[in-house]
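J.: Below is one structure. I have some questions about it.
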Amino acid sequence: MIVIDTESPSRDVLEHVVLITRDQPRPIVMFANDDAPDTIRDAMRAGVSAYVVDGLDAARVKSIVEVAVARFGEYQRLREELAEANLKLEERRLVERAKGILMKARAMDEDEAFRTLRRMAMDRGKRLGEVAQQLIDMADLLT
């Protein structure tokens with residue numbers, strides 16, 4: 001958890017927030033007096049989990065921190081889901097391309113090409129996407 005108390009977050013502060021959390025994301029609570037919509041938007045884009053206007057009030061800190069941690073957790077979960085979806089989409093694209101190569105090179109139909117890829121993956125103990133990428137790489141090398 002990072003807590004920042006500032007009058008108004010400067011561009012340098014926001015850049016440091018991005019750098020600090022790039023490799024090790026963590027919840028950030030920023031207490032500031034600047035309520036300009038652009039400033040708040042910039043802080044949120046930099047990775048601030050909670051932007052609190054009107055300074056640091058001891059009575060509200062616990063609930064603000066709890067909300068920031070919960071929001072950060074949900075944001076991280078969504079990022080992981082997006083990364084997983086993108087990986088699956090990329091893998092599907094590779095499989096389709098590899099099937100096309102097999103269909104053309106060996107005069108196979110689509111189902112037979114998929115079964116061949118799947119069998120190769122199982123025999124080698126690799127993911128289907130990895131085998132598809134290897135097949136594509138070999139085809140590129142030979143052309």
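Here, A, B, ... name the chains of the structure tokens in the order displayed, residue numbers run from 1 inside each chain, and ligands are numbered from 1 in the same displayed order.
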Return as a VMD selection string the full set of residues in chain A whose backbone-based DSSP assignment is strand (DSSP E).
T.: chain A and resid 2 to 5 28 to 32 50 to 53
J.: Emit the selected residues as a short mmCIF file (atom, residue, chain, number, x, y, z; two decimals), in the first residue's frame, including all heavy atoms.
T.:
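What landed in part20.cif:
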```cif
data_model
loop_
_atom_site.label_atom_id
_atom_site.label_comp_id
_atom_site.auth_asym_id
_atom_site.auth_seq_id
_atom_site.Cartn_x
_atom_site.Cartn_y
_atom_site.Cartn_z
N ILE A 2 0.57 2.17 -0.85
CA ILE A 2 1.28 3.45 -0.89
C ILE A 2 0.26 4.53 -0.57
O ILE A 2 -0.83 4.55 -1.13
CB ILE A 2 1.90 3.71 -2.28
CG1 ILE A 2 2.94 2.65 -2.61
CG2 ILE A 2 2.51 5.10 -2.35
CD1 ILE A 2 3.49 2.74 -4.02
N VAL A 3 0.63 5.42 0.35
CA VAL A 3 -0.23 6.55 0.70
C VAL A 3 0.54 7.83 0.35
O VAL A 3 1.69 8.01 0.77
CB VAL A 3 -0.59 6.54 2.20
CG1 VAL A 3 -1.43 7.76 2.55
CG2 VAL A 3 -1.33 5.26 2.56
N ILE A 4 -0.11 8.71 -0.40
CA ILE A 4 0.51 9.97 -0.82
C ILE A 4 -0.37 11.11 -0.35
O ILE A 4 -1.58 11.11 -0.58
CB ILE A 4 0.65 10.03 -2.36
CG1 ILE A 4 1.51 8.86 -2.86
CG2 ILE A 4 1.23 11.37 -2.80
CD1 ILE A 4 1.52 8.70 -4.37
N ASP A 5 0.24 12.08 0.30
CA ASP A 5 -0.45 13.28 0.74
C ASP A 5 0.19 14.46 0.03
O ASP A 5 1.38 14.72 0.20
CB ASP A 5 -0.34 13.43 2.27
CG ASP A 5 -1.17 14.59 2.80
OD1 ASP A 5 -2.08 15.06 2.08
OD2 ASP A 5 -0.91 15.02 3.94
N ILE A 28 -2.82 2.27 -4.17
CA ILE A 28 -2.32 3.61 -3.87
C ILE A 28 -3.49 4.49 -3.48
O ILE A 28 -4.49 4.56 -4.18
CB ILE A 28 -1.61 4.23 -5.10
CG1 ILE A 28 -0.44 3.36 -5.53
CG2 ILE A 28 -1.17 5.65 -4.81
CD1 ILE A 28 0.17 3.76 -6.85
N VAL A 29 -3.33 5.17 -2.35
CA VAL A 29 -4.32 6.15 -1.90
C VAL A 29 -3.64 7.51 -1.98
O VAL A 29 -2.55 7.70 -1.45
CB VAL A 29 -4.79 5.87 -0.46
CG1 VAL A 29 -5.76 6.95 0.00
CG2 VAL A 29 -5.43 4.50 -0.35
N MET A 30 -4.28 8.44 -2.66
CA MET A 30 -3.73 9.79 -2.78
C MET A 30 -4.69 10.78 -2.14
O MET A 30 -5.85 10.87 -2.52
CB MET A 30 -3.48 10.14 -4.24
CG MET A 30 -2.87 11.52 -4.43
SD MET A 30 -2.44 11.86 -6.16
CE MET A 30 -0.98 10.84 -6.35
N PHE A 31 -4.20 11.50 -1.14
CA PHE A 31 -4.95 12.58 -0.51
C PHE A 31 -4.45 13.88 -1.12
O PHE A 31 -3.25 14.14 -1.14
CB PHE A 31 -4.71 12.59 1.01
CG PHE A 31 -5.27 11.38 1.69
CD1 PHE A 31 -4.48 10.25 1.91
CD2 PHE A 31 -6.59 11.36 2.12
CE1 PHE A 31 -5.00 9.14 2.54
CE2 PHE A 31 -7.12 10.25 2.75
CZ PHE A 31 -6.32 9.13 2.97
N ALA A 32 -5.36 14.68 -1.66
CA ALA A 32 -4.96 15.92 -2.33
C ALA A 32 -6.04 16.98 -2.13
O ALA A 32 -7.16 16.68 -1.73
CB ALA A 32 -4.75 15.66 -3.82
N ALA A 50 -7.42 5.16 -5.02
CA ALA A 50 -8.39 6.06 -4.39
C ALA A 50 -7.80 7.46 -4.36
O ALA A 50 -6.69 7.67 -3.86
CB ALA A 50 -8.72 5.59 -2.97
N TYR A 51 -8.54 8.41 -4.89
CA TYR A 51 -8.12 9.81 -4.91
C TYR A 51 -9.09 10.55 -4.00
O TYR A 51 -10.28 10.65 -4.29
CB TYR A 51 -8.19 10.36 -6.33
CG TYR A 51 -7.64 11.75 -6.50
CD1 TYR A 51 -6.32 11.95 -6.88
CD2 TYR A 51 -8.44 12.87 -6.28
CE1 TYR A 51 -5.81 13.22 -7.05
CE2 TYR A 51 -7.93 14.15 -6.44
CZ TYR A 51 -6.61 14.32 -6.82
OH TYR A 51 -6.11 15.59 -6.99
N VAL A 52 -8.58 11.05 -2.89
CA VAL A 52 -9.42 11.66 -1.87
C VAL A 52 -9.13 13.16 -1.80
O VAL A 52 -8.00 13.57 -1.55
CB VAL A 52 -9.17 11.02 -0.48
CG1 VAL A 52 -10.10 11.62 0.56
CG2 VAL A 52 -9.34 9.51 -0.56
N VAL A 53 -10.18 13.96 -2.05
CA VAL A 53 -10.05 15.41 -2.04
C VAL A 53 -10.34 15.94 -0.63
O VAL A 53 -11.14 15.36 0.09
CB VAL A 53 -11.01 16.04 -3.06
CG1 VAL A 53 -10.90 17.56 -3.06
CG2 VAL A 53 -10.73 15.49 -4.45
#
```
J.: Would you please extract all helix (DSSP H, G or I) residues from chain A, as assigned by DSSP on the backbone, and give them as a PyMOL selection string?
T.: chain A and resi 11-23+37-46+61-106+110-124+128-142
J.: Can you measure CA of Leu135 in chain A to CA of Thr116 in chain A for me? One decimal in Å is fine.
T.: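 Computing it gives 11.4 Å between the two atoms.
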J.: Measuring between only C-alpha atoms, which one of A:Leu141, A:Met1, A:Leu87, A:Ala132 shows the shortest distance to Ile64 in chain A?
T.: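 Checking each of A:Leu141, A:Met1, A:Leu87, A:Ala132 against Ile64 in chain A, counting only C-alpha atoms, the winner is A:Met1.
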J.: Counting only C-alpha atoms, figure out which residue out of A:Leu14, A:Asp35, A:Glu7, A:Arg124 gets nearest to Leu56 in chain A.
T.: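 With only C-alpha atoms as the atom set, the closest residue is A:Glu7.
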J.: Could you tell me which of A:Leu128, A:Ile40, A:Val48, A:Ala70 comes closest to Leu94 in chain A if we count only C-alpha atoms?
T.: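 Under the stated criterion, the closest residue is A:Leu128.
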J.: Can you work out the spacing between CA of Gly47 in chain A and CA of Arg77 in chain A in Å, to one decimal?
T.: 14.6 Å
